[in-house]
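Visitor: One structure, as structure tokens, below. Some questions next.
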Amino acid sequence: MLTVLRGGHVVDPATGKDSVGDVWFEDGKIVAPPAGGKADEDIDCSGHVVMAGAIDIHSHIAGGNVNTARLLLPELHRGIRARLANTPLSTAKWSTYETGRLYAQMGFTTVIEPAMAPHHSLQTHLELNDVPIIDKGALTVLGNDDFLLRQIRAREPESAINDYVAQTVGSVRSLGLKCINPGGCESFKENMRAFGLDDEVPFYGLTSRQIFQTLQKATQAVGIPHPLHLHMNNLGIAGNVQTALDTIDAAQGLPMHLAHVQFYAYGKEGSNAFSSAAAVFAEKINANPNITVDVGQVMFSQTVTISSDVLKQFNSMPGGSPRKGAIFDGDANGGGVVPYAYKISNYYNAIQWAAGLELFLLIKNPEQVFFTTDHPNGGPFTAYPELFALLMSAELRAEMMSRLPAEALEHTTLPSLKREYNYYEIAQMSRSGAAKLFGFTDRGSLAPGAIADIAVYKKSRDVAGMFRKAAYVYKDGDLVVKNGEVSHYKRGKTLHIAPRFDNNINKRLDAYYAELYGLPRGIFDVPDAALPHKDAFAEVACKE
Amino acid sequence: MSKATLDGKAIALDDAYRQAASILSGAKFPLVAGLGADVPGARAAILLAERLRGAFDHLASRDLLADLDVKRSFGMFTTTANEARVRADVVILVGPGLTKQWPGMLERLALEQAPVHGTHAGKPRQVIWLGPDAEEAKAVPGARIIPATLEEISGVLAVWRARVGGRRVNLEAAKLELVDGLAQTLKDAKFGCFVWASAVGLDALAIEMMQALVTDLNVTTRFTGLHIGARAGAAGVTQASGWMTGFPPRTGFGRGYPEHDPWRFEASRLIDSGEADAAMWISAFDGEAPSWTRSDIPLITLAPAGAAPARGLFIEVGQPGVTHDAVLMAQETGGMTLRTATAPSDAPTVAQVIDAIMAQVSEVSPC
């Protein structure tokens, strides 16, 4: 069936388009306007903005730690309304089903879960499989695992490390590699309570710097399209901007993605010894085009923090609200879940909120900075529409700032920033740039040949409302959302890469698992047969 | 060939599916209980309960909720069996019958070997067993046995906790010395680990006392816990229930969205009170029978061959991991895995049977 979305304001940075025009699609793909073609369906999109489906590059939506958070906090997700027909569990708060529905309603069609532990990847995939409508992907986590740390300690050749990385990333069906407080979680098991860039991991004698530099190189050598996704040391600590600046210097000019950088944009100014250092941080990012970041914006709300940075999560427990938490010492990273309430009246939270916005507004290239709240760590992904609105309106920001503790405004440059994002920049950040960051060539774009993942928003002065309820959303050419409501479910795919490696690593790993755990390594596999549907996965090409 | 019976008499499978759909669709508030199933079976069962606007419960909810209630009211430290095996230098086994709850426990934890990870690698592991069964007490050579009845465990943990915190306890001198020695062992641990199973009868208060002790110990050193999951796939079912509904079993869909209430949606209470007017009972591992007493509520049983009750509709299902490959939570890894069938047969899985029934249950339109 040939469909045309006619007369909308087409915003598609992938093709440089930012003007009124038509978008045609057929059989799930965008097509060029057929000569004299007549559409089977002709949708009037005048007064609407038409973009590719959005891509969330970092959102904790699945896996054991996320599920622990669900089970830990029954009081935070009581339901309130019945579902529509044919959308099972779509109003089950915080369920995988609701996650798919809410993302789709906002025009998001691809979401990346950034922290899949290799030994618990099957559950992550089962959960992702139960997120309807959208496509998904996951990054797997190395850098606190004994095998890698041994390899580095023994000064094994890069080829051996590359094989291990490629084998792991491929076998757990992930899209790439994340490293979370490299060495810090192992050190926490050794009772260290703080861990910086150049602290040594006991037992292995390695520094955090050595670990992530090794993984950075391996990511490039293996041909993983997404650069190493790094959760740095010292998250959330006053003065930690120095860690971030040093980490960028340590990046060797190689590509690297720094996750939720707002949580590292802190100085020690003021009577509270806590200030925004976002300006100096943004300047550094602007000067280092090999670095990409996502923000991890704080939005004022009750939320829960979920992280595989177990050391940090343990240290967060005394400030938790409600006061409870779960700390899991896993085979490598593990995870910590601590509820938290960000309050507009709280000086520290106000600084965090401002620092995130400063980063958005001070980083010049919208394809270098990505749109996240590190869901749910800075706030739920459902707060994205409000965040879009804040980026697009200095007036709205000023209104919010008037409600912050006055002292906080003295320790952020936010009041001086008048920049307002336009639709094009929003689309660069959430569509074209995000696709590039993961090496997706089939999405984030309305060019002919791209999959017909399309979001249509009715223009409104209420920007948050506009982005919260898309007028139409198409997934692979199927209408899935109309007037802000999901009309029916379809199954999305889980995207993964399959890098090549020397098979000898398999023999070596078999022997390692047998010796260390007395277990067959296959117990950690993600076989197709374990998923409810045969076509759950779709492969993304590696770099040559 | 799989089988179905109605009040003990054979009926065709298609008729059984139709009857099951008709019984469940006709009920005002149907219950999907037992839930002794693999993850796909649980997933299908929860989707069925949702479509029916009924409720679901697991046969071992008492045990799984004892752990979960501590986690969600107090908090919890946990680890994997692998991490305990390779790293724990002090292991405290809590309660009797642990080797019955997890027959592979001793082999998996390799307690007689020294830990191999961490700066304490190679130093002998210390094992303490609080309140073991008489026949278990010698199972770990060199383990220190602290005799206690199940009922006494909570009190013993409380005394340990008091002494770890340097608080006074009212004990005779000899006993106090013993306890203080133990408390010192705990404080000196580099990476200590409690191992427990709520299924042996530990209640939430005993588990909370243990986790509170773990929390106190973590102020100065590292300590954690390893819990042994309850029977009939409880751990995997709880995870699936969590991502599908946000809640563990004992959840109902009467209002069109999930509501969790451990009292309201307890299976036996729902049946015995008559609040539920039809039930599906799933017990695919071993055919365990329901614990309710009432026998006039229409019942559909999904269980392995030989477990057909005299009354109601019975549909034979295979045993997860035995007659068919099954996704289950693996106690030895703490993660989900695909278990290969050990004695494959053509008996259908719980998910297949429920999908066949579901195909004949019309979508309930929302209010």
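Simple scheme: letters A, B, ... for chains in structure tokens order, numbers from 1 for residues in each chain, numbers from 1 for ligands in the order shown.
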Which residues come within 12 Å of Asn170 in chain B, counting only C-alpha atoms, excluding same-chain residues fewer than 5 positions away, as a list in words?
Guide: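 Final neighbour list, sorted by chain and number: Val159, Ala162, Arg163, Lys175, Leu176 and Val179 of chain B.
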Visitor: Based on the selection just made, write C-alpha atoms of those residues as an mmCIF file, in the first residue's frame.
Guide:
data_model
loop_
_atom_site.group_PDB
_atom_site.id
_atom_site.type_symbol
_atom_site.label_atom_id
_atom_site.label_comp_id
_atom_site.auth_asym_id
_atom_site.auth_seq_id
_atom_site.Cartn_x
_atom_site.Cartn_y
_atom_site.Cartn_z
ATOM 1 C CA VAL B 159 22.169 -11.636 69.216
ATOM 2 C CA ALA B 162 23.724 -6.870 68.697
ATOM 3 C CA ARG B 163 27.298 -7.981 69.330
ATOM 4 C CA LYS B 175 27.907 -18.189 75.594
ATOM 5 C CA LEU B 176 28.810 -14.547 75.261
ATOM 6 C CA VAL B 179 28.939 -15.200 70.270
#
Visitor: Select all residues from chain B having any atom no more than 6 Å from an atom of chain A (counting only C-alpha atoms, ignoring ligands), output as JSON, numbers by chain.
Guide: {"B": [72, 74, 75, 76, 77, 78, 79, 83, 118, 119, 221, 222, 243, 244, 245, 246, 247, 256, 257, 258, 335, 336, 337, 338, 365]}
Visitor: Would you list the contacts of range 224-237 of chain B as a ChimeraX atom specification, taking every protein, DNA or RNA residue within 6 Å and counting only C-alpha atoms, but skipping same-chain residues closer than 6 positions in sequence?
Guide: /B:36,39,42,77-79,193-197,199,328-329
Visitor: Taking only range 86-215 of chain A into account, list the residues labelled alpha helix (DSSP H) by DSSP (computed from the backbone), as a ChimeraX atom specification.
Guide: /A:96-105,121-129,146-153,158-171,184-189,208-215
Visitor: What parts of range 385-529 of chain A does DSSP call strand (DSSP E or B)? I'd like the answer as a VMD selection string.
Guide: chain A and resid 451 454 to 458 472 to 475 478 to 482 485 to 486 494 to 497
Visitor: Put those residues in a file: N, CA, C and O atoms, as a short mmCIF file (atom, residue, chain, number, x, y, z; two decimals), in the first residue's frame.
Guide:
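Output (part-v5.cif):
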data_model
loop_
_atom_site.label_atom_id
_atom_site.label_comp_id
_atom_site.auth_asym_id
_atom_site.auth_seq_id
_atom_site.Cartn_x
_atom_site.Cartn_y
_atom_site.Cartn_z
N ILE A 451 13.58 2.54 6.65
CA ILE A 451 12.33 1.95 7.11
C ILE A 451 11.35 3.07 7.47
O ILE A 451 11.76 4.14 7.91
N ILE A 454 8.01 6.68 11.30
CA ILE A 454 7.72 8.10 11.10
C ILE A 454 6.88 8.61 12.27
O ILE A 454 5.94 7.94 12.71
N ALA A 455 7.24 9.81 12.74
CA ALA A 455 6.45 10.46 13.79
C ALA A 455 5.90 11.77 13.25
O ALA A 455 6.64 12.57 12.68
N VAL A 456 4.61 11.97 13.43
CA VAL A 456 3.95 13.20 12.97
C VAL A 456 3.36 13.89 14.19
O VAL A 456 2.58 13.28 14.94
N TYR A 457 3.77 15.14 14.40
CA TYR A 457 3.30 15.89 15.57
C TYR A 457 2.50 17.10 15.12
O TYR A 457 2.90 17.81 14.20
N LYS A 458 1.38 17.35 15.79
CA LYS A 458 0.59 18.52 15.47
C LYS A 458 1.24 19.73 16.15
O LYS A 458 1.44 19.74 17.36
N TYR A 472 0.32 11.02 14.57
CA TYR A 472 0.43 9.70 13.93
C TYR A 472 1.83 9.17 14.17
O TYR A 472 2.80 9.93 14.12
N VAL A 473 1.93 7.87 14.43
CA VAL A 473 3.23 7.23 14.41
C VAL A 473 3.12 5.97 13.56
O VAL A 473 2.17 5.19 13.70
N TYR A 474 4.07 5.84 12.63
CA TYR A 474 4.15 4.63 11.80
C TYR A 474 5.39 3.86 12.20
O TYR A 474 6.46 4.44 12.37
N LYS A 475 5.22 2.54 12.38
CA LYS A 475 6.38 1.67 12.61
C LYS A 475 6.44 0.69 11.46
O LYS A 475 5.49 -0.03 11.20
N ASP A 478 3.43 0.66 9.41
CA ASP A 478 2.12 0.38 10.01
C ASP A 478 1.74 1.52 10.96
O ASP A 478 2.55 1.93 11.80
N LEU A 479 0.50 1.95 10.87
CA LEU A 479 0.03 2.98 11.80
C LEU A 479 -0.12 2.35 13.18
O LEU A 479 -0.89 1.40 13.37
N VAL A 480 0.64 2.84 14.14
CA VAL A 480 0.57 2.28 15.49
C VAL A 480 0.01 3.27 16.50
O VAL A 480 -0.48 2.87 17.56
N VAL A 481 0.09 4.55 16.21
CA VAL A 481 -0.44 5.56 17.11
C VAL A 481 -1.27 6.55 16.31
O VAL A 481 -0.85 7.00 15.23
N LYS A 482 -2.45 6.84 16.82
CA LYS A 482 -3.26 7.88 16.20
C LYS A 482 -3.80 8.78 17.30
O LYS A 482 -4.29 8.29 18.32
N GLU A 485 -2.77 8.00 20.92
CA GLU A 485 -3.09 6.72 21.55
C GLU A 485 -2.60 5.57 20.68
O GLU A 485 -2.80 5.57 19.47
N VAL A 486 -2.00 4.58 21.33
CA VAL A 486 -1.61 3.37 20.59
C VAL A 486 -2.87 2.63 20.17
O VAL A 486 -3.75 2.36 20.99
N THR A 494 14.77 -6.90 18.01
CA THR A 494 15.93 -6.54 18.83
C THR A 494 17.15 -6.52 17.92
O THR A 494 17.48 -7.52 17.28
N LEU A 495 17.78 -5.36 17.83
CA LEU A 495 18.91 -5.16 16.93
C LEU A 495 20.20 -5.59 17.61
O LEU A 495 20.38 -5.35 18.81
N HIS A 496 21.07 -6.22 16.86
CA HIS A 496 22.34 -6.66 17.44
C HIS A 496 23.39 -6.71 16.35
O HIS A 496 23.08 -6.67 15.16
N ILE A 497 24.65 -6.81 16.78
CA ILE A 497 25.73 -6.97 15.81
C ILE A 497 26.35 -8.36 15.99
O ILE A 497 26.14 -9.02 17.01
#
